[in-house]
$ cat my_file27.cif   # mmCIF, C-alpha atoms
data_start
loop_
_atom_site.label_atom_id
_atom_site.label_comp_id
_atom_site.auth_asym_id
_atom_site.auth_seq_id
_atom_site.Cartn_x
_atom_site.Cartn_y
_atom_site.Cartn_z
CA MET A 39 14.17 45.83 139.73
CA LYS A 40 10.73 45.63 141.35
CA PRO A 41 10.95 46.21 145.11
CA LEU A 42 10.53 43.03 147.15
CA PHE A 43 8.73 45.06 149.81
CA PRO A 44 6.55 48.03 148.75
CA ILE A 45 6.85 49.87 152.07
CA THR A 46 5.30 53.17 153.05
CA PRO A 47 7.64 55.13 155.38
CA THR A 48 6.31 55.20 158.95
CA SER A 49 9.54 55.89 160.83
CA GLU A 50 12.54 58.13 160.49
CA SER A 51 15.45 56.58 158.67
CA LYS A 52 18.33 55.96 161.05
CA ILE A 53 20.66 53.09 161.77
CA ARG A 54 19.61 50.99 164.74
CA ASN A 55 22.39 48.87 166.19
CA VAL A 56 21.22 45.38 167.13
CA GLY A 57 23.42 43.12 169.22
CA ILE A 58 22.71 39.41 169.73
CA VAL A 59 24.60 37.75 172.57
CA ALA A 60 25.77 34.17 172.09
CA PHE A 61 28.00 31.70 173.95
CA PRO A 62 29.25 28.12 173.51
CA GLY A 63 26.28 25.77 173.23
CA VAL A 64 23.87 28.47 172.03
CA GLU A 65 20.72 27.36 170.20
CA ILE A 66 21.49 28.51 166.67
CA ILE A 67 17.91 29.38 165.65
CA ASP A 68 17.76 31.75 168.62
CA VAL A 69 20.52 33.66 166.84
CA THR A 70 19.78 33.23 163.15
CA GLY A 71 15.98 33.61 163.39
CA PRO A 72 16.01 37.22 164.66
CA MET A 73 19.05 38.04 162.49
CA GLU A 74 17.17 37.00 159.35
CA VAL A 75 14.21 39.18 160.32
CA PHE A 76 16.40 42.27 160.69
CA ALA A 77 18.36 41.38 157.54
CA PHE A 78 15.18 41.14 155.46
CA ALA A 79 14.01 44.41 156.99
CA ASN A 80 17.16 46.00 155.59
CA ILE A 81 16.50 44.51 152.15
CA GLY A 82 12.91 45.68 152.09
CA LEU A 83 13.63 49.20 153.28
CA GLN A 84 16.47 49.66 150.80
CA GLN A 85 14.62 48.20 147.80
CA SER A 86 11.61 50.39 148.56
CA GLY A 87 13.76 53.51 148.78
CA VAL A 88 12.75 54.16 152.37
CA SER A 89 16.29 53.85 153.71
CA PRO A 90 19.31 54.33 151.41
CA GLU A 91 21.51 52.30 153.78
CA PRO A 92 20.82 49.37 156.09
CA ALA A 93 18.41 50.45 158.81
CA TYR A 94 19.71 47.78 161.16
CA SER A 95 23.36 47.10 161.92
CA ILE A 96 23.41 43.54 163.25
CA GLU A 97 26.31 41.95 165.07
CA LEU A 98 26.91 38.83 167.07
CA LEU A 99 28.54 39.34 170.47
CA ALA A 100 30.32 36.76 172.61
CA ALA A 101 32.99 36.54 175.29
CA GLN A 102 35.52 37.00 172.50
CA ALA A 103 35.45 37.51 168.76
CA GLY A 104 35.79 34.48 166.55
CA PRO A 105 34.25 31.04 166.05
CA LEU A 106 31.67 29.73 168.47
CA MET A 107 30.20 26.22 168.58
CA SER A 108 26.41 26.06 168.71
CA SER A 109 24.37 23.30 170.34
CA CYS A 110 23.83 21.57 166.99
CA GLY A 111 27.56 21.51 166.21
CA LEU A 112 27.53 24.28 163.63
CA GLN A 113 30.08 27.05 164.16
CA ILE A 114 29.13 30.70 164.04
CA ILE A 115 31.42 33.71 164.13
CA ALA A 116 31.12 36.41 166.78
CA ASN A 117 31.87 39.89 165.43
CA ARG A 118 33.43 41.12 168.64
CA SER A 119 33.57 40.70 172.40
CA TYR A 120 30.60 42.03 174.31
CA SER A 121 33.06 43.72 176.70
CA GLU A 122 34.01 46.08 173.84
CA VAL A 123 30.44 47.38 173.68
CA GLN A 124 29.66 50.04 176.27
CA GLU A 125 27.20 52.28 174.45
CA GLY A 126 25.48 52.96 171.13
CA MET A 127 23.35 49.80 171.17
CA ASP A 128 19.67 50.26 170.31
CA THR A 129 18.40 46.70 170.79
CA LEU A 130 20.14 43.94 172.72
CA MET A 131 18.94 40.34 172.43
CA ILE A 132 20.08 37.39 174.54
CA ALA A 133 19.94 34.01 172.82
CA GLY A 134 19.16 30.80 174.69
CA ALA A 135 20.55 27.29 174.96
CA PRO A 136 19.29 23.78 175.73
CA ASP A 137 21.75 23.72 178.65
CA ILE A 138 20.61 26.52 180.95
CA ASP A 139 23.71 26.24 183.12
CA CYS A 140 25.91 27.47 180.28
CA LEU A 141 23.87 30.69 180.40
CA LEU A 142 24.55 31.19 184.09
CA CYS A 143 28.25 30.31 184.34
CA ASP A 144 29.63 33.69 183.24
CA PRO A 145 29.29 36.36 185.97
CA GLU A 146 31.09 38.88 183.74
CA LEU A 147 28.37 38.51 181.13
CA GLN A 148 25.71 39.01 183.79
CA ASP A 149 27.45 42.16 185.01
CA TRP A 150 27.73 43.47 181.45
CA VAL A 151 24.06 42.82 180.66
CA ARG A 152 23.06 44.49 183.92
CA ALA A 153 25.18 47.53 183.06
CA MET A 154 23.86 47.71 179.49
CA ALA A 155 20.18 47.42 180.42
CA PRO A 156 19.62 51.13 181.15
CA LYS A 157 21.64 52.15 178.08
CA VAL A 158 19.60 50.35 175.42
CA ARG A 159 16.18 51.22 174.06
CA ARG A 160 15.08 47.57 174.08
CA LEU A 161 16.36 44.50 175.88
CA ALA A 162 15.08 41.08 174.83
CA SER A 163 15.68 37.37 175.29
CA VAL A 164 14.94 34.37 173.10
CA CYS A 165 13.88 31.05 174.62
CA THR A 166 15.98 30.23 177.72
CA GLY A 167 17.91 33.49 177.34
CA ALA A 168 15.37 34.73 179.88
CA PHE A 169 17.37 32.91 182.56
CA LEU A 170 20.32 35.24 182.01
CA LEU A 171 18.05 38.26 182.42
CA ALA A 172 16.50 36.63 185.48
CA GLU A 173 19.88 35.85 187.06
CA SER A 174 20.88 39.46 186.47
CA GLY A 175 17.80 40.60 188.42
CA LEU A 176 16.38 42.45 185.42
CA LEU A 177 13.08 40.55 185.37
CA ASP A 178 12.17 41.00 189.03
CA GLY A 179 8.61 42.27 189.29
CA LEU A 180 8.00 41.91 185.56
CA ARG A 181 5.92 39.61 183.36
CA ALA A 182 8.09 37.22 181.37
CA THR A 183 8.12 33.92 179.52
CA SER A 184 10.54 31.30 178.24
CA HIS A 185 10.40 27.95 176.48
CA TRP A 186 7.42 26.14 177.99
CA LEU A 187 9.63 23.20 179.03
CA TYR A 188 11.63 25.51 181.32
CA CYS A 189 8.96 27.83 182.70
CA ASN A 190 8.44 25.78 185.86
CA ARG A 191 12.14 26.12 186.67
CA LEU A 192 12.04 29.84 185.89
CA THR A 193 9.12 30.23 188.32
CA LYS A 194 10.81 28.14 191.01
CA ASP A 195 14.27 29.70 190.78
CA TYR A 196 13.09 33.30 190.39
CA PRO A 197 9.86 33.76 192.40
CA LEU A 198 9.85 37.54 191.90
CA ILE A 199 9.07 37.08 188.19
CA ASN A 200 5.49 36.79 186.97
CA VAL A 201 6.04 33.90 184.55
CA GLU A 202 3.50 33.45 181.75
CA PRO A 203 4.33 30.03 180.26
CA ASP A 204 1.66 30.05 177.55
CA CYS A 205 2.84 33.14 175.65
CA ILE A 206 4.75 33.36 172.40
CA PHE A 207 6.41 36.48 173.76
CA VAL A 208 5.83 39.01 176.54
CA ARG A 209 6.70 42.69 176.48
CA ASP A 210 6.86 44.50 179.81
CA GLY A 211 8.19 48.01 179.42
CA LYS A 212 11.48 47.99 177.52
CA ILE A 213 12.17 44.31 178.25
CA SER A 214 10.81 41.51 176.09
CA THR A 215 11.07 37.75 176.55
CA SER A 216 10.04 35.10 174.07
CA GLY A 217 9.09 31.45 174.32
CA GLY A 218 10.55 28.43 172.58
CA ILE A 219 13.15 28.83 169.84
CA THR A 220 11.22 30.01 166.74
CA SER A 221 9.26 32.49 168.86
CA GLY A 222 12.36 34.68 168.61
CA ILE A 223 11.27 35.28 165.01
CA ASP A 224 7.85 36.42 166.22
CA LEU A 225 9.47 38.75 168.74
CA ALA A 226 11.86 40.20 166.15
CA LEU A 227 8.94 40.77 163.76
CA SER A 228 7.14 42.70 166.51
CA LEU A 229 10.23 44.87 167.04
CA VAL A 230 10.44 45.63 163.32
CA GLU A 231 6.71 46.39 163.34
CA GLU A 232 7.23 48.81 166.21
CA ASP A 233 9.97 50.59 164.25
CA TRP A 234 8.51 50.55 160.74
CA GLY A 235 4.88 49.47 160.85
CA SER A 236 2.94 46.30 160.13
CA GLU A 237 3.37 46.50 156.34
CA LEU A 238 7.08 45.67 156.52
CA ALA A 239 6.65 43.06 159.27
CA LEU A 240 3.99 41.21 157.30
CA MET A 241 6.04 41.20 154.12
CA ILE A 242 9.05 39.80 155.99
CA ALA A 243 6.89 37.07 157.48
CA ARG A 244 5.61 36.11 154.04
CA THR A 245 9.14 35.96 152.67
CA LEU A 246 10.32 33.79 155.56
CA VAL A 247 7.19 31.63 155.12
CA VAL A 248 6.20 31.94 158.76
CA PHE A 249 2.95 32.98 160.40
CA LEU A 250 2.01 36.45 159.22
CA LYS A 251 1.56 37.54 162.79
CA ARG A 252 1.36 35.49 165.96
CA PRO A 253 0.29 37.83 168.78
CA GLY A 254 2.50 37.70 171.84
CA GLY A 255 -0.30 36.15 173.87
CA GLN A 256 -0.92 33.30 171.50
CA SER A 257 -0.22 29.88 172.92
CA GLN A 258 3.28 28.46 172.47
CA PHE A 259 1.74 25.09 171.81
CA SER A 260 -1.51 23.85 170.35
CA ALA A 261 -3.87 21.31 171.84
CA TYR A 262 -2.34 18.70 169.55
CA LEU A 263 1.25 19.38 170.63
CA THR A 264 0.47 19.44 174.35
CA SER A 265 -1.27 16.09 174.23
CA GLU A 266 0.40 14.27 171.36
CA ALA A 267 -0.45 10.59 171.55
CA HIS A 268 1.75 7.56 170.88
CA ARG A 269 -0.84 5.52 168.97
CA PRO A 270 -1.28 6.59 165.32
CA GLU A 271 -5.05 6.07 165.48
CA VAL A 272 -5.31 8.58 168.33
CA ARG A 273 -3.08 11.08 166.52
CA ASP A 274 -5.27 10.72 163.45
CA LEU A 275 -8.35 11.33 165.58
CA GLN A 276 -6.79 14.43 167.12
CA ALA A 277 -5.99 15.81 163.68
CA TRP A 278 -9.54 15.05 162.52
CA ILE A 279 -10.99 16.85 165.56
CA MET A 280 -8.98 19.97 164.82
CA LEU A 281 -10.31 20.00 161.26
CA HIS A 282 -13.93 19.46 162.33
CA LEU A 283 -14.36 21.71 165.35
CA SER A 284 -17.94 22.59 164.43
CA ASP A 285 -19.03 18.93 164.26
CA ASP A 286 -20.62 16.84 167.00
CA LEU A 287 -17.55 15.98 169.11
CA ARG A 288 -19.19 14.27 172.05
CA VAL A 289 -17.41 11.24 173.51
CA GLU A 290 -19.99 8.93 171.97
CA THR A 291 -19.32 10.29 168.49
CA LEU A 292 -15.55 10.13 168.85
CA ALA A 293 -15.70 6.61 170.27
CA GLU A 294 -17.57 5.44 167.19
CA ARG A 295 -14.72 6.61 164.96
CA LEU A 296 -12.37 4.23 166.79
CA PHE A 297 -14.99 1.46 167.03
CA MET A 298 -14.90 1.55 170.82
CA SER A 299 -17.44 1.93 173.58
CA PRO A 300 -17.60 5.45 175.07
CA ARG A 301 -16.27 4.24 178.42
CA ASN A 302 -13.32 2.33 176.96
CA PHE A 303 -12.57 5.14 174.54
CA ALA A 304 -12.52 7.76 177.31
CA ARG A 305 -10.07 5.69 179.35
CA PHE A 306 -7.94 4.94 176.30
CA PHE A 307 -7.78 8.61 175.27
CA VAL A 308 -6.73 9.76 178.75
CA ALA A 309 -4.03 7.08 178.91
CA GLU A 310 -2.68 8.18 175.52
CA THR A 311 -2.90 11.96 175.87
CA GLY A 312 -3.08 12.79 179.55
CA MET A 313 -6.40 14.60 179.17
CA THR A 314 -10.04 13.73 178.65
CA PRO A 315 -11.58 13.89 175.17
CA ALA A 316 -13.78 16.77 176.29
CA LYS A 317 -10.81 18.80 177.51
CA PHE A 318 -8.89 18.18 174.29
CA VAL A 319 -11.88 19.34 172.24
CA GLU A 320 -12.27 22.44 174.41
CA ILE A 321 -8.61 23.41 174.14
CA ALA A 322 -8.60 22.78 170.39
CA ARG A 323 -11.60 25.10 170.05
CA ILE A 324 -9.91 27.70 172.23
CA ASP A 325 -6.81 27.52 170.01
CA ALA A 326 -8.95 28.16 166.95
CA ALA A 327 -10.82 30.99 168.65
CA ARG A 328 -7.54 32.60 169.67
CA HIS A 329 -6.44 32.62 166.06
CA TYR A 330 -9.64 34.31 164.89
CA LEU A 331 -9.64 36.81 167.76
CA GLY A 332 -6.03 37.78 167.24
CA SER A 333 -5.82 37.91 163.46
CA THR A 334 -9.32 38.73 162.14
CA LYS A 335 -12.09 41.25 162.71
CA LEU A 336 -14.79 38.61 162.95
CA SER A 337 -17.45 39.31 165.55
CA ILE A 338 -17.35 37.38 168.82
CA GLU A 339 -20.48 35.53 167.68
CA MET A 340 -18.87 34.46 164.40
CA VAL A 341 -15.69 33.39 166.20
CA ALA A 342 -17.72 31.23 168.57
CA ASP A 343 -19.46 29.61 165.62
CA LYS A 344 -16.32 29.00 163.52
CA ALA A 345 -14.39 27.61 166.52
CA GLY A 346 -17.18 25.15 167.25
CA PHE A 347 -18.50 26.57 170.52
CA GLY A 348 -21.93 27.20 169.07
CA ASP A 349 -22.68 30.23 171.23
CA THR A 350 -20.72 33.03 172.86
CA GLU A 351 -21.55 32.05 176.43
CA ARG A 352 -20.02 28.60 176.03
CA MET A 353 -16.92 30.19 174.54
CA ARG A 354 -16.76 32.76 177.34
CA ARG A 355 -16.94 30.07 180.03
CA ALA A 356 -14.22 28.02 178.29
CA PHE A 357 -11.90 31.02 178.00
CA VAL A 358 -12.36 32.01 181.64
CA ARG A 359 -11.85 28.41 182.75
CA GLN A 360 -8.69 27.80 180.72
CA LEU A 361 -7.17 31.29 180.33
CA GLY A 362 -8.68 33.38 183.10
CA VAL A 363 -9.88 36.00 180.61
CA ASN A 364 -12.98 36.40 178.44
CA PRO A 365 -12.77 36.46 174.61
CA GLN A 366 -13.25 40.21 174.26
CA ASN A 367 -10.52 40.98 176.78
CA TYR A 368 -8.27 38.48 175.01
CA ARG A 369 -8.84 40.28 171.70
CA ASP A 370 -8.25 43.70 173.29
CA ARG A 371 -4.96 42.52 174.75
CA PHE A 372 -3.53 40.40 171.97
CA SER A 373 -4.91 41.69 168.67
CA GLY A 374 -2.09 44.18 168.25
CA SER A 375 -4.15 47.19 169.35
CA GLU A 376 -1.66 47.99 172.10
CA LEU A 377 1.17 48.21 169.57
CA GLN A 378 -0.90 50.40 167.28
CA ALA A 379 -1.64 52.70 170.23
CA LEU A 380 2.08 53.02 170.96
CA ARG A 381 2.70 54.21 167.39
CA ALA A 382 -0.24 56.61 167.36
#
$ encode --input "my_file27.cif" --output "structure tokens"
Amino acid sequence: MKPLFPITPTSESKIRNVGIVAFPGVEIIDVTGPMEVFAFANIGLQQSGVSPEPAYSIELLAAQAGPLMSSCGLQIIANRSYSEVQEGMDTLMIAGAPDIDCLLCDPELQDWVRAMAPKVRRLASVCTGAFLLAESGLLDGLRATSHWLYCNRLTKDYPLINVEPDCIFVRDGKISTSGGITSGIDLALSLVEEDWGSELALMIARTLVVFLKRPGGQSQFSAYLTSEAHRPEVRDLQAWIMLHLSDDLRVETLAERLFMSPRNFARFFVAETGMTPAKFVEIARIDAARHYLGSTKLSIEMVADKAGFGDTERMRRAFVRQLGVNPQNYRDRFSGSELQALRA
């Protein structure tokens, strides 16, 4: 049988125990997304002959072993109680839930996570699972993120945390936090990449039909999602803008597409989206530039041209204005070079 993943060994073959903590009302993708990543890593490593046995031992932990109802109504089965686990865990992940309070109502779980933190090589959260780490005091003084809908509450309730609401995931030392729901897949891919190299991580992403690699600093949400309009004609215009970033996107030009005067169009667009047409265009171009900076080796000049900025200075000013960092620094931080340096 032809190997699904032709992997070149980049790490010693050993079993890494991965525990994912769940509870009643857990968001099921927070659990199954990372589990699938590690499961496909096992398949790839075994089929390629890199590891004769599963490289990751994955188990679901809860207050007690047995069935557990997720937020969508689907039951999942916990392998054992987290209280039975005192050592031997390599990576511990905390899933999230739409109801944050169900994360914070178990002081025994908080005590256990706090006690396990120094015993594991990596500690991570998915989505609102960051609140459990925060309540346990483990994120104090660290950079962290969560689902963008809940980041304001995370900032308010835990002022000692440096919350970065626009990140897919954040890694600060041995602790990682990820944004909304499917970003747990991105985080798990980065953990597999750290263990086995980018070749395996990219092949898993292709098999799961997800982004090949979304850098941790990439935005959780695009310009379209953050300003989605109610009127179909405005949504169509937004989609057209994002496909024509190098075109003339002045207010006058956009107004013509909706057969409106520039003044009426500008007011209409703000009422529908909560931002001016110019700001939407700028953020859409920044989103595109982020993609090119994080996933290609295109020069800064070529990125500015492809993203529709026209010149590097305009792109630099937009990045500093919206992100507080220039394009080159963004690439240095989020292109994966830091991870490569860790493996060197």
$ atom_distance --input "my_file27.cif" --atom1 "CA of Ser119 (chain A)" --atom2 "CA of Leu98 (chain A)"
8.7 Å
$ atom_distance --input "my_file27.cif" --atom1 "CA of Ile206 (chain A)" --atom2 "CA of Ser221 (chain A)"
5.8 Å
$ resolve_selection --input "my_file27.cif" --expression "the PyMOL selection byres ((chain A and resi 198) around 7)" --output "ChimeraX atom specification"
/A:178-179,196-197,199-200
$ atom_distance --input "my_file27.cif" --atom1 "CA of Met353 (chain A)" --atom2 "CA of Leu281 (chain A)"
18.0 Å
$ closest_residue --input "my_file27.cif" --among "A:Arg369, A:Arg244, A:His268, A:Arg54" --to "Phe78 (chain A)" --atoms "all atoms listed in the file"
A:Arg244
$ closest_residue --input "my_file27.cif" --among "A:Arg269, A:Arg359, A:Arg288, A:Arg181" --to "Val319 (chain A)" --atoms "only C-alpha atoms"
A:Arg288
$ resolve_selection --input "my_file27.cif" --expression "the PyMOL selection byres ((chain A and resi 154) around 12)" --output "VMD selection string"
chain A and resid 57 120 to 131 147 to 153 155 to 162 171 174 176
$ build_atoms --input "my_file27.cif" --residues "region 105-120 of chain A" --atoms "N, CA, C and O atoms" --output "PDB file, in the coordinates of the input"
ATOM      1  N   PRO A 105      35.193  32.154 166.181  1.00  0.00           N
ATOM      2  CA  PRO A 105      34.250  31.040 166.050  1.00  0.00           C
ATOM      3  C   PRO A 105      33.671  30.602 167.383  1.00  0.00           C
ATOM      4  O   PRO A 105      34.306  30.672 168.432  1.00  0.00           O
ATOM      5  N   LEU A 106      32.430  30.132 167.287  1.00  0.00           N
ATOM      6  CA  LEU A 106      31.670  29.730 168.470  1.00  0.00           C
ATOM      7  C   LEU A 106      30.860  28.496 168.075  1.00  0.00           C
ATOM      8  O   LEU A 106      30.203  28.477 167.040  1.00  0.00           O
ATOM      9  N   MET A 107      30.911  27.452 168.900  1.00  0.00           N
ATOM     10  CA  MET A 107      30.200  26.220 168.580  1.00  0.00           C
ATOM     11  C   MET A 107      28.780  26.284 169.140  1.00  0.00           C
ATOM     12  O   MET A 107      28.578  26.528 170.327  1.00  0.00           O
ATOM     13  N   SER A 108      27.802  26.058 168.259  1.00  0.00           N
ATOM     14  CA  SER A 108      26.410  26.060 168.710  1.00  0.00           C
ATOM     15  C   SER A 108      26.015  24.679 169.221  1.00  0.00           C
ATOM     16  O   SER A 108      26.777  23.718 169.102  1.00  0.00           O
ATOM     17  N   SER A 109      24.812  24.575 169.768  1.00  0.00           N
ATOM     18  CA  SER A 109      24.370  23.300 170.340  1.00  0.00           C
ATOM     19  C   SER A 109      24.222  22.211 169.297  1.00  0.00           C
ATOM     20  O   SER A 109      24.339  21.032 169.609  1.00  0.00           O
ATOM     21  N   CYS A 110      23.999  22.580 168.034  1.00  0.00           N
ATOM     22  CA  CYS A 110      23.830  21.570 166.990  1.00  0.00           C
ATOM     23  C   CYS A 110      25.152  21.188 166.331  1.00  0.00           C
ATOM     24  O   CYS A 110      25.189  20.338 165.443  1.00  0.00           O
ATOM     25  N   GLY A 111      26.251  21.828 166.761  1.00  0.00           N
ATOM     26  CA  GLY A 111      27.560  21.510 166.210  1.00  0.00           C
ATOM     27  C   GLY A 111      28.024  22.425 165.097  1.00  0.00           C
ATOM     28  O   GLY A 111      29.149  22.293 164.613  1.00  0.00           O
ATOM     29  N   LEU A 112      27.160  23.344 164.694  1.00  0.00           N
ATOM     30  CA  LEU A 112      27.530  24.280 163.630  1.00  0.00           C
ATOM     31  C   LEU A 112      28.236  25.485 164.251  1.00  0.00           C
ATOM     32  O   LEU A 112      27.789  26.037 165.260  1.00  0.00           O
ATOM     33  N   GLN A 113      29.342  25.907 163.651  1.00  0.00           N
ATOM     34  CA  GLN A 113      30.080  27.050 164.160  1.00  0.00           C
ATOM     35  C   GLN A 113      29.520  28.355 163.601  1.00  0.00           C
ATOM     36  O   GLN A 113      29.161  28.439 162.436  1.00  0.00           O
ATOM     37  N   ILE A 114      29.486  29.349 164.456  1.00  0.00           N
ATOM     38  CA  ILE A 114      29.130  30.700 164.040  1.00  0.00           C
ATOM     39  C   ILE A 114      30.261  31.628 164.469  1.00  0.00           C
ATOM     40  O   ILE A 114      31.073  31.270 165.325  1.00  0.00           O
ATOM     41  N   ILE A 115      30.309  32.796 163.883  1.00  0.00           N
ATOM     42  CA  ILE A 115      31.420  33.710 164.130  1.00  0.00           C
ATOM     43  C   ILE A 115      30.919  34.955 164.860  1.00  0.00           C
ATOM     44  O   ILE A 115      30.050  35.678 164.354  1.00  0.00           O
ATOM     45  N   ALA A 116      31.453  35.193 166.030  1.00  0.00           N
ATOM     46  CA  ALA A 116      31.120  36.410 166.780  1.00  0.00           C
ATOM     47  C   ALA A 116      31.902  37.586 166.211  1.00  0.00           C
ATOM     48  O   ALA A 116      33.110  37.479 165.977  1.00  0.00           O
ATOM     49  N   ASN A 117      31.222  38.712 165.998  1.00  0.00           N
ATOM     50  CA  ASN A 117      31.870  39.890 165.430  1.00  0.00           C
ATOM     51  C   ASN A 117      32.891  40.498 166.382  1.00  0.00           C
ATOM     52  O   ASN A 117      33.970  40.924 165.973  1.00  0.00           O
ATOM     53  N   ARG A 118      32.509  40.558 167.650  1.00  0.00           N
ATOM     54  CA  ARG A 118      33.430  41.120 168.640  1.00  0.00           C
ATOM     55  C   ARG A 118      32.997  40.714 170.045  1.00  0.00           C
ATOM     56  O   ARG A 118      31.922  40.136 170.241  1.00  0.00           O
ATOM     57  N   SER A 119      33.866  41.020 171.009  1.00  0.00           N
ATOM     58  CA  SER A 119      33.570  40.700 172.400  1.00  0.00           C
ATOM     59  C   SER A 119      32.532  41.669 172.939  1.00  0.00           C
ATOM     60  O   SER A 119      32.565  42.873 172.636  1.00  0.00           O
ATOM     61  N   TYR A 120      31.612  41.142 173.736  1.00  0.00           N
ATOM     62  CA  TYR A 120      30.600  42.030 174.310  1.00  0.00           C
ATOM     63  C   TYR A 120      31.241  43.077 175.227  1.00  0.00           C
ATOM     64  O   TYR A 120      30.700  44.177 175.396  1.00  0.00           O
TER      65      TYR A 120
END
